[in-house]
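Text of coords_5.txt (compact mmCIF, C-alpha atoms) as supplied:
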# COMPACT_ATOMS: atom_id res chain seq x y z
CA MET A 4 95.00 49.78 83.26
CA GLU A 5 93.80 46.22 83.88
CA PHE A 6 95.21 42.77 83.27
CA LEU A 7 93.23 39.91 81.77
CA GLU A 8 92.64 37.07 84.20
CA ILE A 9 94.88 34.03 83.77
CA GLN A 10 93.98 30.74 85.41
CA PRO A 11 96.80 29.84 87.81
CA THR A 12 98.46 26.43 87.46
CA ASP A 13 98.02 25.62 91.17
CA GLY A 14 94.24 25.63 90.80
CA SER A 15 93.51 28.47 93.24
CA ALA A 16 91.39 31.48 92.40
CA MET A 17 93.13 34.71 91.45
CA HIS A 18 91.68 38.10 92.28
CA ILE A 19 92.52 40.75 89.71
CA ASN A 20 92.32 44.39 90.70
CA GLU A 21 93.12 47.47 88.73
CA SER A 22 96.83 48.03 88.28
CA PRO A 23 98.39 51.46 88.90
CA GLU A 24 99.30 53.52 85.85
CA PRO A 25 102.87 52.28 85.20
CA ARG A 26 104.04 55.65 83.85
CA SER A 27 103.01 57.57 86.96
CA SER A 28 106.14 56.67 88.95
CA MET A 29 108.88 54.07 89.23
CA TRP A 30 107.11 52.48 92.17
CA ALA A 31 103.96 52.15 90.05
CA TRP A 32 106.04 50.48 87.34
CA ILE A 33 107.35 47.99 89.93
CA ALA A 34 103.79 47.22 91.07
CA TYR A 35 102.75 46.74 87.46
CA GLN A 36 105.70 44.46 86.73
CA LEU A 37 105.13 42.40 89.87
CA ARG A 38 101.58 41.54 88.83
CA PHE A 39 102.53 41.09 85.18
CA GLN A 40 105.41 38.72 85.99
CA ARG A 41 103.28 36.75 88.47
CA MET A 42 100.45 36.28 86.01
CA GLN A 43 102.82 35.31 83.19
CA ARG A 44 103.88 32.42 85.39
CA GLY A 45 100.29 31.46 86.24
CA MET A 46 101.00 32.02 89.92
CA SER A 47 98.29 32.93 92.43
CA GLY A 48 98.57 35.70 94.96
CA HIS A 49 98.65 33.11 97.73
CA ALA A 50 101.58 31.33 96.08
CA LEU A 51 103.48 34.60 95.73
CA ALA A 52 102.74 35.45 99.37
CA LYS A 53 104.25 32.12 100.37
CA LEU A 54 107.30 32.80 98.20
CA LEU A 55 107.84 36.22 99.78
CA ASN A 56 106.90 35.00 103.28
CA CYS A 57 104.15 37.58 103.76
CA ALA A 58 100.35 37.78 104.01
CA ARG A 59 98.13 37.51 100.93
CA SER A 60 96.85 41.02 101.67
CA SER A 61 100.43 42.29 101.39
CA ILE A 62 100.60 41.03 97.81
CA SER A 63 97.44 42.98 96.96
CA ARG A 64 98.97 46.11 98.43
CA LEU A 65 102.25 45.58 96.58
CA GLU A 66 100.45 45.10 93.28
CA ASN A 67 98.16 48.08 93.87
CA GLY A 68 101.11 50.32 94.64
CA GLU A 69 99.99 50.84 98.25
CA ALA A 70 103.12 49.12 99.61
CA LYS A 71 106.68 49.09 98.37
CA LEU A 72 108.82 46.09 97.52
CA THR A 73 111.78 45.63 99.87
CA ASP A 74 115.33 44.79 98.80
CA ALA A 75 114.95 41.29 100.26
CA GLN A 76 111.70 40.67 98.38
CA ALA A 77 113.21 41.99 95.15
CA GLY A 78 116.18 39.67 95.57
CA THR A 79 113.90 36.68 96.12
CA LEU A 80 111.91 37.46 92.98
CA ASP A 81 115.04 37.88 90.86
CA LYS A 82 116.38 34.54 92.09
CA GLU A 83 113.18 32.46 91.92
CA TRP A 84 111.89 33.97 88.67
CA ASN A 85 115.33 34.14 87.04
CA THR A 86 114.87 37.79 86.11
CA GLY A 87 118.48 38.78 86.58
CA ASP A 88 118.61 41.95 88.67
CA LEU A 89 115.33 43.33 87.26
CA PHE A 90 113.45 43.90 90.52
CA ARG A 91 116.47 44.90 92.59
CA THR A 92 117.46 47.42 89.92
CA MET A 93 113.95 48.85 89.70
CA VAL A 94 113.81 49.27 93.48
CA TRP A 95 117.21 50.98 93.41
CA TYR A 96 116.07 53.48 90.77
CA ALA A 97 112.72 54.03 92.50
CA ARG A 98 114.48 55.17 95.67
CA LEU A 99 116.60 57.63 93.70
CA GLY A 100 113.67 59.38 92.08
CA HIS A 101 110.73 61.41 93.30
CA ASP A 102 107.53 59.42 93.79
CA ALA A 103 104.58 61.44 92.49
CA ASN A 104 102.27 59.43 94.75
CA TRP A 105 104.32 59.89 97.93
CA PHE A 106 101.69 61.94 99.77
CA LYS A 107 98.86 59.44 99.23
CA THR A 108 101.13 56.61 100.32
CA PHE A 109 102.15 58.62 103.37
CA THR A 110 98.59 59.51 104.44
CA ASP A 111 97.48 55.91 103.90
CA SER A 112 100.25 54.75 106.23
CA GLU A 113 99.43 57.51 108.71
CA GLY A 114 95.78 56.45 108.79
CA ARG A 115 96.74 52.84 109.56
CA ALA A 116 99.47 53.69 112.07
CA SER A 117 99.55 52.34 115.60
CA VAL A 118 102.46 54.61 116.57
CA LEU A 119 103.66 57.89 115.07
CA LYS A 120 106.85 59.72 116.02
CA ILE A 121 107.26 63.25 114.67
CA TYR A 122 110.01 65.82 114.91
CA SER A 123 109.24 69.33 113.67
CA GLY A 124 111.57 72.29 113.87
CA GLN A 125 109.64 75.22 112.38
CA LEU A 126 105.93 74.38 112.15
CA ILE A 127 103.28 72.82 114.34
CA PRO A 128 102.76 69.29 112.90
CA ALA A 129 99.61 68.81 110.80
CA LEU A 130 98.06 66.39 113.30
CA LEU A 131 98.17 69.12 115.98
CA GLN A 132 97.13 72.13 113.90
CA THR A 133 93.97 74.18 114.32
CA PRO A 134 91.96 74.90 111.16
CA GLU A 135 92.99 78.57 111.25
CA TYR A 136 96.69 77.76 111.59
CA ALA A 137 96.47 75.26 108.73
CA ARG A 138 94.59 77.75 106.57
CA ALA A 139 97.23 80.44 107.13
CA LEU A 140 99.97 78.08 106.00
CA LEU A 141 98.04 76.94 102.91
CA VAL A 142 97.17 80.50 101.91
CA GLU A 143 100.81 81.53 102.14
CA GLY A 144 101.77 78.43 100.13
CA ARG A 145 99.43 79.52 97.30
CA GLU A 146 97.65 76.18 97.45
CA PRO A 147 94.46 75.82 95.33
CA GLY A 148 91.25 74.50 96.86
CA ILE A 149 92.14 75.64 100.38
CA ASP A 150 88.80 74.79 102.00
CA ALA A 151 89.06 71.16 100.87
CA LEU A 152 92.70 70.95 101.95
CA VAL A 153 91.93 72.28 105.44
CA GLU A 154 89.05 69.84 105.78
CA ALA A 155 91.27 66.94 104.66
CA ARG A 156 93.98 67.94 107.14
CA MET A 157 91.50 68.08 110.01
CA ALA A 158 90.11 64.67 109.00
CA ARG A 159 93.59 63.17 109.40
CA GLN A 160 93.52 64.16 113.07
CA LYS A 161 90.75 61.64 113.80
CA ILE A 162 93.39 58.94 114.28
CA LEU A 163 94.12 60.56 117.66
CA THR A 164 90.58 60.30 119.03
CA LYS A 165 89.09 57.23 117.34
CA ASN A 166 88.58 53.91 119.09
CA ALA A 167 92.02 52.38 119.68
CA PRO A 168 93.75 55.63 118.68
CA ALA A 169 97.32 55.85 117.47
CA ASP A 170 100.04 56.71 119.97
CA LEU A 171 101.60 60.02 118.98
CA TRP A 172 105.05 61.08 120.13
CA VAL A 173 106.01 64.64 119.13
CA LEU A 174 109.29 66.48 119.57
CA LEU A 175 108.68 70.12 118.67
CA ALA A 176 111.38 72.80 118.53
CA GLU A 177 110.68 75.85 120.69
CA THR A 178 111.29 78.06 117.65
CA ALA A 179 107.91 76.97 116.20
CA LEU A 180 105.95 78.30 119.19
CA PRO A 181 106.40 82.10 118.98
CA CYS A 182 106.14 82.23 115.17
CA LEU A 183 102.99 84.26 114.50
CA VAL A 184 101.41 82.09 111.81
CA GLY A 185 98.08 83.76 111.05
CA GLY A 186 98.63 86.44 113.71
CA LYS A 187 98.52 86.55 117.51
CA ALA A 188 94.91 85.40 117.91
CA VAL A 189 95.47 82.35 115.70
CA MET A 190 98.67 81.45 117.55
CA ARG A 191 97.09 81.81 120.99
CA GLU A 192 94.38 79.39 119.89
CA GLN A 193 97.01 77.09 118.40
CA LEU A 194 99.05 77.01 121.59
CA ALA A 195 95.89 76.29 123.59
CA ARG A 196 95.22 73.40 121.22
CA LEU A 197 98.70 72.02 121.89
CA VAL A 198 98.06 72.07 125.62
CA GLU A 199 94.68 70.38 125.14
CA LEU A 200 96.06 67.60 122.92
CA SER A 201 99.08 67.06 125.16
CA GLN A 202 96.67 65.94 127.89
CA LEU A 203 95.35 63.04 125.82
CA PRO A 204 96.66 59.72 127.17
CA ASN A 205 97.93 58.69 123.72
CA VAL A 206 99.77 61.96 122.97
CA THR A 207 103.24 62.76 124.27
CA LEU A 208 104.42 66.27 123.41
CA ARG A 209 107.89 67.50 124.38
CA ILE A 210 109.56 70.77 123.46
CA VAL A 211 113.17 70.97 122.33
CA PRO A 212 114.28 74.25 123.95
CA ASN A 213 116.44 76.79 122.20
CA THR A 214 118.97 76.28 124.98
CA ALA A 215 119.59 72.77 123.61
CA GLY A 216 121.85 74.40 121.03
CA ALA A 217 123.22 72.17 118.27
CA ASN A 218 121.22 68.95 118.10
CA ALA A 219 120.18 66.25 115.65
CA GLY A 220 116.91 68.02 114.89
CA LEU A 221 118.54 70.92 113.11
CA ASP A 222 118.92 68.79 109.96
CA GLY A 223 115.19 68.98 109.30
CA PRO A 224 111.76 67.52 110.12
CA PHE A 225 110.88 63.83 109.79
CA LYS A 226 108.36 61.23 110.84
CA ILE A 227 108.46 57.55 111.78
CA ILE A 228 105.27 55.55 111.34
CA LYS A 229 104.60 52.07 112.71
CA VAL A 230 102.11 50.06 110.65
CA LYS A 231 101.32 46.36 110.60
CA GLU A 232 104.09 45.68 108.08
CA GLY A 233 106.74 47.43 110.18
CA LEU A 234 108.31 50.90 110.34
CA VAL A 235 108.35 53.46 107.55
CA GLY A 236 110.01 56.87 107.62
CA TYR A 237 109.13 60.14 105.98
CA VAL A 238 111.53 63.01 105.39
CA GLU A 239 110.14 66.42 104.47
CA ALA A 240 111.49 68.81 101.84
CA PRO A 241 110.24 72.12 100.37
CA THR A 242 109.30 70.54 97.02
CA GLY A 243 107.82 67.33 98.41
CA GLY A 244 108.51 64.59 100.90
CA ARG A 245 110.30 61.29 100.57
CA LEU A 246 109.17 58.00 102.02
CA VAL A 247 111.90 55.90 103.63
CA ALA A 248 111.32 52.15 103.45
CA ASP A 249 114.90 50.90 103.75
CA ALA A 250 115.27 49.29 107.20
CA SER A 251 118.74 50.68 107.89
CA GLU A 252 117.68 54.21 106.95
CA VAL A 253 114.56 53.97 109.12
CA ASP A 254 116.75 52.75 112.00
CA GLY A 255 118.82 55.90 111.50
CA LEU A 256 115.69 58.05 111.89
CA VAL A 257 114.74 56.16 115.06
CA ASP A 258 118.20 56.82 116.49
CA ARG A 259 117.95 60.48 115.48
CA PHE A 260 114.56 60.82 117.19
CA ASP A 261 115.99 59.35 120.39
CA ARG A 262 118.98 61.72 120.32
CA ILE A 263 116.69 64.73 119.90
CA GLY A 264 114.54 63.43 122.74
CA ALA A 265 117.60 63.32 124.97
CA VAL A 266 117.78 67.15 124.94
CA ALA A 267 114.02 67.81 125.01
CA LEU A 268 112.14 69.09 128.06
CA PRO A 269 110.01 66.69 130.13
CA VAL A 270 106.28 66.55 129.37
CA ASP A 271 105.16 68.78 132.27
CA SER A 272 107.88 71.37 131.64
CA SER A 273 106.98 71.40 127.93
CA ARG A 274 103.33 72.08 128.71
CA SER A 275 104.29 74.86 131.12
CA LEU A 276 106.47 76.52 128.49
CA ILE A 277 103.62 76.48 125.96
CA GLU A 278 101.23 77.99 128.48
CA GLN A 279 103.73 80.72 129.41
CA LEU A 280 104.26 81.69 125.77
CA ARG A 281 100.52 81.81 125.19
CA GLU A 282 99.97 84.12 128.18
CA THR A 283 102.62 86.57 127.01
CA MET A 284 101.56 86.57 123.35
Take the structure I supplied and represent it as structure tokens, if you would.
Amino acid sequence: MEFLEIQPTDGSAMHINESPEPRSSMWAWIAYQLRFQRMQRGMSGHALAKLLNCARSSISRLENGEAKLTDAQAGTLDKEWNTGDLFRTMVWYARLGHDANWFKTFTDSEGRASVLKIYSGQLIPALLQTPEYARALLVEGREPGIDALVEARMARQKILTKNAPADLWVLLAETALPCLVGGKAVMREQLARLVELSQLPNVTLRIVPNTAGANAGLDGPFKIIKVKEGLVGYVEAPTGGRLVADASEVDGLVDRFDRIGAVALPVDSSRSLIEQLRETM
């Protein structure tokens, strides 16, 4: 769906890109409404960026559905545009519902990340998986187009070895290590891959031992991603993940990551444990 171009009243040029399908999700509807309301007022993207105290590129991302409106930004729009609680209410409802585009938004953020923090309790995280390990998981999950999915997952790992790679901090529960995903041969290769990646200067891998007992990681896996705009969280679930944009909720994930880290093994001890398990497998 596209908007017709409207000449802004401040005389600046306006760049019109394709709008997301407003019926695809509540976040897409917010992106659609943001552009629609801006253009109805003859306001340029630069003027809106000034109003929301952000970069012009951020407005493009908000209107394309690549970024999500914050509570503060929604409040500013409602006040300055006299829209009542329109934007704040839409943001509230969007956070309640499932975003059909969550995975694309997540991988886009992952690809732009400067820092990633991951806790996983049952599986080796995707960024550390071998192709065979990933394939075994996808086969068991009855996923269609497995070859393409494995290839896409491996492509995501390039952020660890590109120029100016992302810093990756991983807390991995010991319970994920002896689980024979794909069989013994696949797991031996997977554990060797963990040791190899843990030696990269931008990768910090620590194991949360079973002896840690009750800890904050038992509630489930999650990720924290640092991008140019700030921190965004991601909480996993069997039927699909949920992106966390609310600052207070992201702060809670940061605190949770730190508390899990407090009971994790040091880096060298973690690597030794992985090597020991591989030798006995």
Item to check | Between CA of Pro204 (chain A) and CA of Asn166 (chain A), distance in Å (one decimal) | outcome: 12.8 Å
Next on the checklist: Can you measure CA of Pro128 (chain A) to CA of Ser27 (chain A) for me? One decimal in Å is fine.
Outcome noted: 28.5 Å
Next on the checklist: Between A:Pro168, A:Leu152, A:Arg191, A:Gly124, which residue has the minimum interatomic distance to Pro224 (chain A), considering only C-alpha atoms?
Outcome noted: A:Gly124
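Across the structure, CA of Thr86 (chain A) and CA of Arg41 (chain A) are spaced 11.9 Å apart.
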Give me the region 96-196 of chain A side of the contact with region 33-37 of chain A, cut-off 12 Å, one line per residue showing its nearest atom pair and distance in Å at one decimal, counting only C-alpha atoms, sorted by chain and residue number, as JSON lines.
{"residue": "A:Tyr96", "atom": "CA", "partner": "A:Ile33", "partner_atom": "CA", "distance": 10.3}
{"residue": "A:Ala97", "atom": "CA", "partner": "A:Ile33", "partner_atom": "CA", "distance": 8.5}
{"residue": "A:Arg98", "atom": "CA", "partner": "A:Ile33", "partner_atom": "CA", "distance": 11.6}
Could you rebuild region 159-170 of chain A with all heavy atoms and give me the result as a compact mmCIF listing (two decimals), in the coordinates of the input?
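Final file, out.txt:
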# COMPACT_ATOMS: atom_id res chain seq x y z
N ARG A 159 92.45 64.03 109.04
CA ARG A 159 93.59 63.17 109.40
C ARG A 159 93.76 63.09 110.92
O ARG A 159 94.28 62.10 111.44
CB ARG A 159 94.87 63.69 108.75
CG ARG A 159 94.94 63.47 107.26
CD ARG A 159 96.06 64.29 106.63
NE ARG A 159 97.36 64.07 107.27
CZ ARG A 159 98.42 64.85 107.08
NH1 ARG A 159 98.33 65.91 106.28
NH2 ARG A 159 99.56 64.58 107.68
N GLN A 160 93.33 64.11 111.63
CA GLN A 160 93.52 64.16 113.07
C GLN A 160 92.63 63.18 113.83
O GLN A 160 92.83 62.96 115.03
CB GLN A 160 93.29 65.59 113.58
CG GLN A 160 94.25 66.60 113.00
CD GLN A 160 94.00 68.01 113.50
OE1 GLN A 160 93.07 68.26 114.28
NE2 GLN A 160 94.81 68.96 113.05
N LYS A 161 91.67 62.58 113.15
CA LYS A 161 90.75 61.64 113.80
C LYS A 161 91.46 60.41 114.32
O LYS A 161 90.94 59.71 115.19
CB LYS A 161 89.63 61.24 112.83
CG LYS A 161 88.69 62.38 112.47
CD LYS A 161 87.62 61.92 111.48
CE LYS A 161 86.68 63.06 111.11
NZ LYS A 161 85.68 62.64 110.10
N ILE A 162 92.66 60.12 113.80
CA ILE A 162 93.39 58.94 114.28
C ILE A 162 93.79 59.10 115.74
O ILE A 162 94.12 58.11 116.40
CB ILE A 162 94.64 58.66 113.43
CG1 ILE A 162 95.66 59.80 113.56
CG2 ILE A 162 94.29 58.42 111.98
CD1 ILE A 162 96.99 59.48 112.91
N LEU A 163 93.73 60.33 116.27
CA LEU A 163 94.12 60.56 117.66
C LEU A 163 92.98 60.36 118.63
O LEU A 163 93.21 60.18 119.84
CB LEU A 163 94.67 61.99 117.82
CG LEU A 163 95.90 62.35 116.98
CD1 LEU A 163 96.29 63.80 117.24
CD2 LEU A 163 97.05 61.41 117.26
N THR A 164 91.74 60.38 118.14
CA THR A 164 90.58 60.30 119.03
C THR A 164 89.63 59.16 118.70
O THR A 164 88.60 59.00 119.35
CB THR A 164 89.79 61.63 118.99
OG1 THR A 164 89.44 61.94 117.63
CG2 THR A 164 90.63 62.77 119.56
N LYS A 165 89.96 58.36 117.69
CA LYS A 165 89.09 57.23 117.34
C LYS A 165 89.24 56.12 118.38
O LYS A 165 90.06 56.20 119.29
CB LYS A 165 89.48 56.70 115.95
CG LYS A 165 90.87 56.07 115.93
CD LYS A 165 91.22 55.55 114.55
CE LYS A 165 92.61 54.88 114.56
NZ LYS A 165 92.98 54.34 113.23
N ASN A 166 88.41 55.09 118.26
CA ASN A 166 88.58 53.91 119.09
C ASN A 166 89.94 53.28 118.80
O ASN A 166 90.33 53.17 117.64
CB ASN A 166 87.47 52.89 118.82
CG ASN A 166 86.12 53.38 119.30
OD1 ASN A 166 86.03 54.16 120.25
ND2 ASN A 166 85.05 52.94 118.65
N ALA A 167 90.65 52.89 119.82
CA ALA A 167 92.02 52.38 119.68
C ALA A 167 92.87 53.37 118.88
O ALA A 167 93.35 53.07 117.79
CB ALA A 167 92.02 51.01 119.01
N PRO A 168 93.02 54.58 119.41
CA PRO A 168 93.75 55.63 118.68
C PRO A 168 95.24 55.34 118.59
O PRO A 168 95.80 54.56 119.37
CB PRO A 168 93.50 56.88 119.53
CG PRO A 168 93.34 56.35 120.92
CD PRO A 168 92.61 55.04 120.75
N ALA A 169 95.88 55.99 117.62
CA ALA A 169 97.32 55.85 117.47
C ALA A 169 98.03 56.56 118.62
O ALA A 169 97.55 57.56 119.14
CB ALA A 169 97.77 56.45 116.14
N ASP A 170 99.18 56.02 119.01
CA ASP A 170 100.04 56.71 119.97
C ASP A 170 100.90 57.71 119.22
O ASP A 170 101.58 57.35 118.25
CB ASP A 170 100.94 55.71 120.70
CG ASP A 170 100.18 54.89 121.73
OD1 ASP A 170 99.25 55.43 122.34
OD2 ASP A 170 100.52 53.70 121.91
